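A.B. asks: Next up is a structure, given as structure tokens.
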Amino acid sequence: MKNDWRQKLHLEPGSGWLNDPNGLSYFKGYYHVYFQYSPESALGKGPKCWGHWQSKDMLSWEFTGTVLYPDIPEDRNGVYSGCGLVEGDTLYLYYTGNVKEKGDYDYITAGRGANVILVTTKDGHHMSPKQVLLRNSDYPADCSCHVRDPKVWKEGSVYKMALGARKLDDTGCVLFYTSENLTSWRFEQEVSVPDFGYMWECPDVLWLNGKHYLSISPQGVKHTEYTHQNVYSSGYFVNDKEFEEWDHGFDFYAPQSFEAPDGRRLLIGWMGIGDIPYTNPTAQMGWQHCLTLPREITVGKDGRLLQKPIREFQALREKKKEFSQGAMMQTQLPFELIATTPGRFTILFGEMLKLQYTDDVFSMIFLDEKTGSGRDRRNVKLTRCDELCVIADTSSLEIYLNGGEKVMSSRFYPAVREVSLFTENLRGVLYELKGLEVRNLG
Ligand code: FRU
């Protein structure tokens, strides 16, 4: 069957461009997923809005449309990223209103407005009037005009807000604010790390086992052979000294977390990155980008975080095949492969792609130019690899190693839905998966 690259398991717009997940929340019986949306342009050139999906079970979704447009002076050049906080019977949505003044500006130190704006909703898609809460004059004097992506949470009886920023000396930082009433905010402190990028976008604070983890999407971090291989990266501080990347694949950025009603901390990322040297051929067909699967986050033995696909997805499993050692299998996208391994292993997707673990390095290697659409190879160091889970959708792969100790996410573009898999040194099961139900593609 010819592959039209329409994802079956991942949320993506019917047309136009998607980037960051926004406003993630569980509210009045629904999971709410908002996203950065340019409905008019698959290249992301039109006005930036918020689109909205909702679901009762994270398997069957409804697209309710574009719910926030740039329509006041303080957000006239884009309804940028932000978060959701549920309080009583109201969902509070905080976002950045982006403004670009007309004139000869560098838009870093002058000419750009970044306003924190609040809207509330009682049903997830009908919005209150917009209220501007913070403007550039409210940020510390050492900040450039790049201040954005509010994340708000509750700690005891007070509310906290984190904002990502670029300082005038070209270091990235997070600004922390406090409020007692959700609308007036007091600056508390600025957090930064020497020599770690010029801009920190999309901050988040994840509370897990009584400890908080600061997550950021930094721009300008030095690339090394095994870390920060993409143009921009994202990850969290394990402690004062160590930063761990969320994902080591080609396509992951700007993740955001929220709490499910049963207390699980779930994370969703954008399966894409800005300013990449590779491409997504769906753009010629009218749409571009998707979100990652929702991932459950837990704390591992060494204090690092583990990620695994939400258990709800097990309901999508259909045909099951068991395999051991060396196997040759025909399957159909989408599928899930779960396996254990004594050490080194290889998986070949026909002549398109090789996944391998050898000499303490896991690699994803594209074998032909078309399938990767400009993607070549990603590597991650791992001193042991004894289990893996691969979720392959019609045009993406998510690979979870050692119970989610390391993850690699990438788009890929196979010409047909049938895949010949050759595995070496793996024992496990392969499931063909049925897709999510999505009402009103948009
Ligand atoms: C991250 C980001 C955010 C910004 C949004 C605009 O991808 O650059 O910092 O709010 O995208 O779409």
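Letters for chains follow the order of the structure tokens (A, B, ...), residue numbers begin at 1 for each chain, and ligand numbers begin at 1 in the order shown.
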Find the residues near ligand 1. Use a cut-off of 10 Å, count only C-alpha atoms and all ligand atoms, and write them as a VMD selection string.
C.D. replies: chain A and resid 18 to 22 35 to 38 44 47 to 50 78 to 82 95 to 98 114 146 to 150 163 to 165 199 to 203 217 to 219 232 253 to 255 270 272 to 275
A.B. asks: Leaving out stretch 398-401 of chain A and any residue of its chain fewer than 4 positions from it, which residues lie within 8 Å of it when counting only C-alpha atoms, given as a compact mmCIF listing (two decimals) with N, CA, C and O atoms, in the first residue's frame?
C.D. replies:
# COMPACT_ATOMS: atom_id res chain seq x y z
N GLN A 307 11.18 7.60 30.48
CA GLN A 307 10.00 7.93 29.66
C GLN A 307 9.46 6.65 29.05
O GLN A 307 10.22 5.84 28.55
N LYS A 308 8.15 6.50 29.11
CA LYS A 308 7.57 5.37 28.36
C LYS A 308 6.23 5.77 27.77
O LYS A 308 5.53 6.62 28.35
N CYS A 385 22.55 -1.90 27.12
CA CYS A 385 21.24 -1.78 26.48
C CYS A 385 20.64 -3.16 26.43
O CYS A 385 21.08 -4.01 25.65
N ASP A 386 19.70 -3.46 27.30
CA ASP A 386 19.15 -4.81 27.29
C ASP A 386 17.67 -4.87 26.94
O ASP A 386 17.12 -5.95 26.79
N GLU A 387 17.02 -3.71 26.81
CA GLU A 387 15.64 -3.79 26.31
C GLU A 387 15.29 -2.58 25.46
O GLU A 387 15.88 -1.50 25.62
N LEU A 388 14.35 -2.78 24.56
CA LEU A 388 13.93 -1.65 23.75
C LEU A 388 12.47 -1.79 23.33
O LEU A 388 11.91 -2.89 23.34
N CYS A 389 11.90 -0.65 23.02
CA CYS A 389 10.54 -0.59 22.49
C CYS A 389 10.59 0.39 21.32
O CYS A 389 11.11 1.50 21.46
N VAL A 390 10.11 -0.05 20.16
CA VAL A 390 10.09 0.83 18.99
C VAL A 390 8.63 1.03 18.60
O VAL A 390 7.91 0.05 18.41
N ILE A 391 8.20 2.27 18.51
CA ILE A 391 6.86 2.53 17.98
C ILE A 391 7.04 3.24 16.64
O ILE A 391 7.57 4.35 16.57
N ALA A 392 6.63 2.52 15.59
CA ALA A 392 6.80 3.06 14.23
C ALA A 392 5.43 3.44 13.70
O ALA A 392 4.54 2.60 13.60
N GLU A 405 15.26 5.02 29.45
CA GLU A 405 16.43 5.76 29.96
C GLU A 405 16.92 6.74 28.88
O GLU A 405 17.32 7.87 29.17
N LYS A 406 16.91 6.28 27.63
CA LYS A 406 17.24 7.14 26.49
C LYS A 406 16.13 6.95 25.47
O LYS A 406 15.61 5.83 25.31
N VAL A 407 15.83 8.03 24.75
CA VAL A 407 14.79 7.96 23.73
C VAL A 407 15.29 8.64 22.46
O VAL A 407 16.06 9.61 22.53
N MET A 408 14.87 8.10 21.32
CA MET A 408 15.21 8.72 20.03
C MET A 408 13.93 8.85 19.22
O MET A 408 13.25 7.84 19.00
N SER A 409 13.61 10.05 18.80
CA SER A 409 12.42 10.26 17.97
C SER A 409 12.82 10.88 16.65
O SER A 409 13.65 11.78 16.62
N SER A 410 12.21 10.39 15.60
CA SER A 410 12.56 10.90 14.29
C SER A 410 11.42 10.71 13.31
O SER A 410 10.68 9.75 13.40
A.B. asks: Just want the 7 Å neighbourhood of A:Ile297, counted on only C-alpha atoms, with same-chain residues fewer than 4 positions away dropped. Output as a list in words.
C.D. replies: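 That gives Arg265, Leu266, Leu267, Leu305, Leu306, Gln307 and Lys308 of chain A.
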A.B. asks: Under the rule that only C-alpha atoms are counted, which of A:Asp104, A:Asp142, A:Asp251, A:Asp368 is the nearest residue to A:Val231?
C.D. replies: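 Distance minimum relative to A:Val231 lands on A:Asp251.
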A.B. asks: Using DSSP on the backbone coordinates, identify the residues of stretch 185-372 of chain A assigned to strand (DSSP E); present them as an MDAnalysis selection string.
C.D. replies: chainID A and resid 186:191 199:208 211:219 235:237 243:245 253:259 265:271 287:288 290:291 295:299 305:309 317:323 327:332 335:340 345:349 353:358 361:366
A.B. asks: Excluding A:Leu382 and its own-chain neighbours fewer than 3 positions away, which residues fall within 8 Å of it when counting only C-alpha atoms? Please give them as a PyMOL selection string.
C.D. replies: chain A and resi 360-362+385
A.B. asks: Could you turn the residues from that selection into a file that holds C-alpha atoms, as a compact mmCIF listing (two decimals), in the first residue's frame?
C.D. replies:
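Result saved to result-v7.txt:
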# COMPACT_ATOMS: atom_id res chain seq x y z
CA ASP A 360 28.33 1.21 23.97
CA VAL A 361 26.60 3.30 21.31
CA PHE A 362 23.05 3.09 19.99
CA CYS A 385 21.24 -1.78 26.48
A.B. asks: Could you tell me how far atom CA of A:His228 lies from atom CA of A:Asp195, in Å and to one decimal?
C.D. replies: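 About the pair atom CA of A:His228 and atom CA of A:Asp195: they are 13.8 Å apart.
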A.B. asks: Could you tell me how far atom CA of A:Gly16 lies from atom CA of A:Asp106, in Å and to one decimal?
C.D. replies: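 Computed distance, atom CA of A:Gly16 to atom CA of A:Asp106, equals 28.1 Å.
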A.B. asks: If you take only C-alpha atoms and a cut-off of 10 Å, which residues of stretch 295-319 of chain A touch stretch 332-341 of chain A, and what are their nearest atom pairs and distances in Å to one decimal, in chain and number order, as a Markdown table?
C.D. replies:
| residue | atom | partner | partner_atom | distance |
| --- | --- | --- | --- | --- |
| A:Gln314 | CA | A:Glu336 | CA | 9.6 |
| A:Leu316 | CA | A:Phe335 | CA | 9.5 |
| A:Arg317 | CA | A:Glu336 | CA | 8.0 |
| A:Glu318 | CA | A:Phe335 | CA | 9.1 |
| A:Lys319 | CA | A:Phe335 | CA | 9.3 |
A.B. asks: How would the residues just chosen look if you wrote them out with N, CA, C and O atoms as a JSON list (two decimals), in the first residue's frame?
C.D. replies:
[["chain", "number", "residue", "atom", "x", "y", "z"],
["A", 314, "GLN", "N", -1.64, 0.50, 24.70],
["A", 314, "GLN", "CA", -1.68, -0.97, 24.57],
["A", 314, "GLN", "C", -3.00, -1.43, 23.96],
["A", 314, "GLN", "O", -3.08, -2.49, 23.36],
["A", 316, "LEU", "N", -4.28, -0.37, 21.42],
["A", 316, "LEU", "CA", -4.21, -0.29, 19.95],
["A", 316, "LEU", "C", -3.56, -1.54, 19.33],
["A", 316, "LEU", "O", -3.49, -1.68, 18.12],
["A", 317, "ARG", "N", -3.08, -2.44, 20.20],
["A", 317, "ARG", "CA", -2.37, -3.62, 19.68],
["A", 317, "ARG", "C", -3.32, -4.57, 18.97],
["A", 317, "ARG", "O", -4.37, -4.90, 19.49],
["A", 318, "GLU", "N", -2.86, -5.04, 17.78],
["A", 318, "GLU", "CA", -3.70, -6.00, 17.04],
["A", 318, "GLU", "C", -2.92, -7.28, 16.79],
["A", 318, "GLU", "O", -2.65, -8.00, 17.72],
["A", 319, "LYS", "N", -2.51, -7.51, 15.55],
["A", 319, "LYS", "CA", -1.83, -8.77, 15.23],
["A", 319, "LYS", "C", -0.52, -8.89, 16.00],
["A", 319, "LYS", "O", 0.28, -7.96, 15.98]]
A.B. asks: Find the distance between atom CA of A:Ile108 and atom CA of A:Arg76 and write it in Å to one decimal.
C.D. replies: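 Atom CA of A:Arg76 lies at a distance of 17.5 Å from atom CA of A:Ile108.
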A.B. asks: Taking 2 positions as the minimum chain separation for residues in the same chain, which residues sit within 10 Å of A:Glu180 when counting only C-alpha atoms? Answer as a ChimeraX atom specification.
C.D. replies: /A:154,157-160,178,182-186
A.B. asks: Limited to C-alpha atoms, could you put the picked residues into a file as a PDB file, in the first residue's frame?
C.D. replies:
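Contents of the output file out-v4.pdb:
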ATOM      1  CA  LYS A 154       0.638  25.778  42.040  1.00  0.00           C
ATOM      2  CA  SER A 157      -1.193  28.231  48.270  1.00  0.00           C
ATOM      3  CA  VAL A 158       0.907  30.278  45.823  1.00  0.00           C
ATOM      4  CA  TYR A 159       1.288  30.159  42.074  1.00  0.00           C
ATOM      5  CA  LYS A 160       4.638  30.124  40.287  1.00  0.00           C
ATOM      6  CA  THR A 178       5.141  34.321  42.115  1.00  0.00           C
ATOM      7  CA  LEU A 182      -3.124  34.196  39.241  1.00  0.00           C
ATOM      8  CA  THR A 183      -3.086  37.715  37.738  1.00  0.00           C
ATOM      9  CA  SER A 184      -0.517  39.906  39.563  1.00  0.00           C
ATOM     10  CA  TRP A 185       2.968  38.486  39.373  1.00  0.00           C
ATOM     11  CA  ARG A 186       6.094  39.367  41.378  1.00  0.00           C
TER      12      ARG A 186
END
A.B. asks: Residues near A:Lys122, anyone? I mean within 7 Å using only C-alpha atoms, not counting same-chain ones fewer than 3 positions away, as a list in words.
C.D. replies: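 The filter keeps Asp89, Thr90 and Leu91 of chain A.
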A.B. asks: Using only all heavy atoms, please write the residues we just selected to a file, as a tab-separated table (two decimals), in the first residue's frame.
C.D. replies:
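To be explicit, this is the file written out as selection-v8.tsv:
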chain	number	residue	atom	x	y	z
A	89	ASP	N	-13.49	25.56	38.53
A	89	ASP	CA	-14.18	25.14	37.31
A	89	ASP	C	-13.65	25.87	36.07
A	89	ASP	O	-14.33	26.01	35.07
A	89	ASP	CB	-15.69	25.39	37.45
A	89	ASP	CG	-16.00	26.88	37.43
A	89	ASP	OD1	-15.07	27.70	37.66
A	89	ASP	OD2	-17.18	27.25	37.19
A	90	THR	N	-12.41	26.38	36.19
A	90	THR	CA	-11.86	27.21	35.11
A	90	THR	C	-10.49	26.71	34.67
A	90	THR	O	-9.68	26.30	35.50
A	90	THR	CB	-11.72	28.68	35.62
A	90	THR	OG1	-13.01	29.09	36.10
A	90	THR	CG2	-11.26	29.62	34.54
A	91	LEU	N	-10.27	26.75	33.37
A	91	LEU	CA	-8.93	26.47	32.85
A	91	LEU	C	-8.29	27.82	32.50
A	91	LEU	O	-8.85	28.59	31.71
A	91	LEU	CB	-9.04	25.57	31.61
A	91	LEU	CG	-7.76	25.28	30.84
A	91	LEU	CD1	-6.69	24.61	31.72
A	91	LEU	CD2	-8.06	24.38	29.63
A.B. asks: So which one's closest to A:Asn379, A:Tyr69, A:Trp17, A:Tyr431, A:Phe250? Using only C-alpha atoms, please.
C.D. replies: A:Phe250
